[in-house]
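Enquirer: Quick one: the structure is below, questions incoming.
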Amino acid sequence: MPIAKLTPKQKRFCDEYVVDLNGTQAAIRAGYSPKTAVVIGTQNLTKLSVQHELSRLMEKRVAKTGVTAERVVLELARIAFFDIRKLYGANGNLLEPTELDDDTARAVSSIKLSTSIGDDGETIRNTEIKTNDKVKALALLAKHTGVVMDGKINIENQCGQVVFVMSEKGRR
């Protein structure tokens, strides 16, 4: 069965949808009535021709940006499994940003440097390092990998059998 041709409004809807993945807002920006935008957006997303165009646009964006699911998961893993000890050298001193390995540098969200004068008149260099949210990264990874499904933590053995299930309330 051939795919129906998009109307100009549907094409515009597709172009707008890939901006923020919001069907209602894409419908409004494409020129549909705000009163019917929720319904129209939902209807458009079920149409095969619209789905085909959205797939094409998303593939084009991935090719252009290089952002893939695999790359996002890798970045989340870097944050989730970051080890704070990697910020320090063998001598126990904090490493300079240029000395950090790639995984550690990616886990750091900001570095704030300041100086102050100690009681003895000596200059003290203060470094405040913020890292990305490990808990959030772990939660996103768990959801993506299927460790968390329907609000439950699922842990599988080597044979793929679920051996432990815990709901968010901590019940087995």
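Within each chain, counting starts at residue 1; across the structure tokens, chains are named A, B, ... in the order shown, with ligands numbered 1 upward in that order.
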Please identify the alpha helix (DSSP H) residues within segment 67-115 of chain A (assignment by DSSP from backbone atoms) and present them as an NGL selection string.

Expert: :A and (69-80 or 102-107)

Enquirer: Produce a file of the selected residues containing all heavy atoms, as a compact mmCIF listing (two decimals), in the first residue's frame.

Expert:
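Listing of result_19.txt after writing:
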```txt
# COMPACT_ATOMS: atom_id res chain seq x y z
N ALA A 69 21.28 7.26 20.17
CA ALA A 69 20.90 6.68 21.46
C ALA A 69 22.12 6.09 22.15
O ALA A 69 22.31 6.25 23.36
CB ALA A 69 19.82 5.62 21.27
N GLU A 70 22.97 5.44 21.38
CA GLU A 70 24.18 4.84 21.94
C GLU A 70 25.09 5.91 22.57
O GLU A 70 25.62 5.72 23.66
CB GLU A 70 24.95 4.11 20.83
CG GLU A 70 26.21 3.42 21.31
CD GLU A 70 26.92 2.68 20.19
OE1 GLU A 70 26.25 2.17 19.28
OE2 GLU A 70 28.15 2.63 20.23
N ARG A 71 25.22 7.03 21.90
CA ARG A 71 26.07 8.10 22.42
C ARG A 71 25.48 8.71 23.69
O ARG A 71 26.21 9.03 24.64
CB ARG A 71 26.24 9.17 21.34
CG ARG A 71 27.32 10.14 21.63
CD ARG A 71 27.69 10.93 20.39
NE ARG A 71 28.51 12.04 20.81
CZ ARG A 71 28.61 13.17 20.17
NH1 ARG A 71 27.96 13.33 19.02
NH2 ARG A 71 29.37 14.14 20.61
N VAL A 72 24.17 8.87 23.73
CA VAL A 72 23.50 9.41 24.92
C VAL A 72 23.67 8.46 26.10
O VAL A 72 23.98 8.87 27.21
CB VAL A 72 22.00 9.69 24.64
CG1 VAL A 72 21.25 10.01 25.92
CG2 VAL A 72 21.87 10.82 23.62
N VAL A 73 23.49 7.16 25.85
CA VAL A 73 23.64 6.17 26.92
C VAL A 73 25.08 6.16 27.44
O VAL A 73 25.31 6.08 28.65
CB VAL A 73 23.21 4.77 26.43
CG1 VAL A 73 23.61 3.69 27.41
CG2 VAL A 73 21.70 4.75 26.21
N LEU A 74 26.05 6.26 26.55
CA LEU A 74 27.45 6.31 26.96
C LEU A 74 27.71 7.52 27.85
O LEU A 74 28.39 7.42 28.88
CB LEU A 74 28.36 6.34 25.73
CG LEU A 74 29.86 6.44 26.00
CD1 LEU A 74 30.35 5.25 26.82
CD2 LEU A 74 30.63 6.53 24.70
N GLU A 75 27.16 8.66 27.48
CA GLU A 75 27.35 9.88 28.28
C GLU A 75 26.69 9.73 29.65
O GLU A 75 27.25 10.13 30.67
CB GLU A 75 26.80 11.08 27.52
CG GLU A 75 27.40 12.39 27.92
CD GLU A 75 28.87 12.56 27.57
OE1 GLU A 75 29.42 11.82 26.74
OE2 GLU A 75 29.50 13.46 28.16
N LEU A 76 25.49 9.15 29.69
CA LEU A 76 24.82 8.90 30.97
C LEU A 76 25.65 7.95 31.83
O LEU A 76 25.75 8.14 33.04
CB LEU A 76 23.43 8.31 30.74
CG LEU A 76 22.35 9.27 30.30
CD1 LEU A 76 21.09 8.51 29.89
CD2 LEU A 76 22.03 10.28 31.39
N ALA A 77 26.23 6.93 31.21
CA ALA A 77 27.05 5.97 31.95
C ALA A 77 28.28 6.65 32.54
O ALA A 77 28.68 6.36 33.67
CB ALA A 77 27.47 4.82 31.04
N ARG A 78 28.87 7.57 31.80
CA ARG A 78 30.03 8.30 32.33
C ARG A 78 29.66 9.06 33.60
O ARG A 78 30.44 9.11 34.55
CB ARG A 78 30.56 9.27 31.27
CG ARG A 78 31.30 8.60 30.16
CD ARG A 78 31.74 9.61 29.12
NE ARG A 78 32.70 9.00 28.22
CZ ARG A 78 32.68 9.16 26.91
NH1 ARG A 78 31.76 9.92 26.33
NH2 ARG A 78 33.59 8.58 26.16
N ILE A 79 28.49 9.67 33.59
CA ILE A 79 28.04 10.43 34.76
C ILE A 79 27.64 9.47 35.89
O ILE A 79 28.04 9.65 37.04
CB ILE A 79 26.86 11.34 34.39
CG1 ILE A 79 27.32 12.40 33.38
CG2 ILE A 79 26.24 11.99 35.63
CD1 ILE A 79 26.19 13.11 32.67
N ALA A 80 26.89 8.45 35.56
CA ALA A 80 26.37 7.52 36.56
C ALA A 80 27.47 6.77 37.30
O ALA A 80 27.35 6.52 38.50
CB ALA A 80 25.41 6.53 35.90
N ASP A 102 38.96 11.87 30.00
CA ASP A 102 37.73 12.28 29.31
C ASP A 102 36.47 11.94 30.09
O ASP A 102 35.55 12.75 30.19
CB ASP A 102 37.66 11.64 27.92
CG ASP A 102 38.65 12.26 26.95
OD1 ASP A 102 39.20 13.34 27.26
OD2 ASP A 102 38.88 11.67 25.89
N ASP A 103 36.41 10.73 30.66
CA ASP A 103 35.21 10.33 31.39
C ASP A 103 34.97 11.22 32.61
O ASP A 103 33.84 11.64 32.88
CB ASP A 103 35.29 8.87 31.84
CG ASP A 103 35.14 7.89 30.68
OD1 ASP A 103 34.75 8.33 29.57
OD2 ASP A 103 35.41 6.70 30.89
N THR A 104 36.03 11.52 33.33
CA THR A 104 35.91 12.37 34.52
C THR A 104 35.52 13.79 34.13
O THR A 104 34.63 14.39 34.74
CB THR A 104 37.23 12.37 35.31
OG1 THR A 104 37.56 11.02 35.65
CG2 THR A 104 37.13 13.20 36.57
N ALA A 105 36.16 14.33 33.11
CA ALA A 105 35.84 15.68 32.66
C ALA A 105 34.38 15.80 32.25
O ALA A 105 33.73 16.82 32.51
CB ALA A 105 36.75 16.08 31.51
N ARG A 106 33.84 14.76 31.64
CA ARG A 106 32.44 14.81 31.20
C ARG A 106 31.47 14.73 32.38
O ARG A 106 30.32 15.14 32.26
CB ARG A 106 32.16 13.68 30.22
CG ARG A 106 32.73 13.96 28.86
CD ARG A 106 32.36 12.83 27.91
NE ARG A 106 32.57 13.19 26.54
CZ ARG A 106 33.62 12.81 25.81
NH1 ARG A 106 34.55 12.07 26.35
NH2 ARG A 106 33.71 13.17 24.56
N ALA A 107 31.89 14.19 33.49
CA ALA A 107 31.03 14.09 34.67
C ALA A 107 30.98 15.39 35.45
O ALA A 107 30.10 15.59 36.27
CB ALA A 107 31.50 12.95 35.57
```

Enquirer: Quick one: pick out all strand (DSSP E or B) residues within segment 2-160 of chain A from a backbone DSSP run and write them as JSON, numbers by chain.

Expert: {"A": [88, 94, 108, 109, 110, 111, 112, 113, 114, 115, 116, 117, 123, 124, 125, 126, 127, 128, 129, 130, 131, 148, 149, 152, 153, 154, 155, 156]}

Enquirer: Given only C-alpha atoms as the basis, pick out the residue of A:Thr145, A:Thr127, A:Asn22, A:Asn44 nearest to Thr115 of chain A.

Expert: A:Thr127

Enquirer: Any idea what's packed within 6 Å of Ser109 of chain A, counting only C-alpha atoms, ignoring anything in its chain fewer than 2 positions away? Could you give it as an MDAnalysis selection string?

Expert: chainID A and resid 130:132

Enquirer: Tell me, in Å to one decimal, how far atom CA of Leu45 of chain A is from atom CA of Gly23 of chain A.

Expert: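 Atom CA of Gly23 of chain A lies 7.5 Å from atom CA of Leu45 of chain A.
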
Enquirer: Select, from A:Ala30, A:Leu95, A:Val108, A:Leu21, the residue with the minimum atom-to-atom distance to Asp133 of chain A, counting only C-alpha atoms.

Expert: A:Val108

Enquirer: Please compute the atom CA of Ile129 of chain A-atom CA of Ile111 of chain A distance, one decimal, in Å.

Expert: 4.6 Å

Enquirer: Give me, as a ChimeraX atom specification, all polymer residues having an atom no more than 9 Å from Leu54 of chain A, counting only C-alpha atoms and skipping those fewer than 4 positions away in the same chain.

Expert: /A:14-15,17-18,45,49-50,58-59

Enquirer: Kindly indicate which residue among A:Lys11, A:Ser110, A:Ile124, A:Ile84 lies nearest to Arg56 of chain A, using only C-alpha atoms for the distances.

Expert: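 Closest to Arg56 of chain A of all the choices is A:Lys11.
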
Enquirer: With distances taken over only C-alpha atoms, which of A:Val135, A:Ile3, A:Ala26, A:Val19 is nearest to Arg61 of chain A?

Expert: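 Answer, going by the shortest atom-to-atom distance: A:Val19.
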
Enquirer: Quick check, in Å to one decimal: how far apart do atom CA of Val38 of chain A and atom CA of Arg12 of chain A lie?

Expert: 15.9 Å

Enquirer: Just checking: using only C-alpha atoms, which residue out of A:Leu113, A:Val67, A:Leu141, A:Leu87 ends up closest to Glu99 of chain A?

Expert: A:Leu87
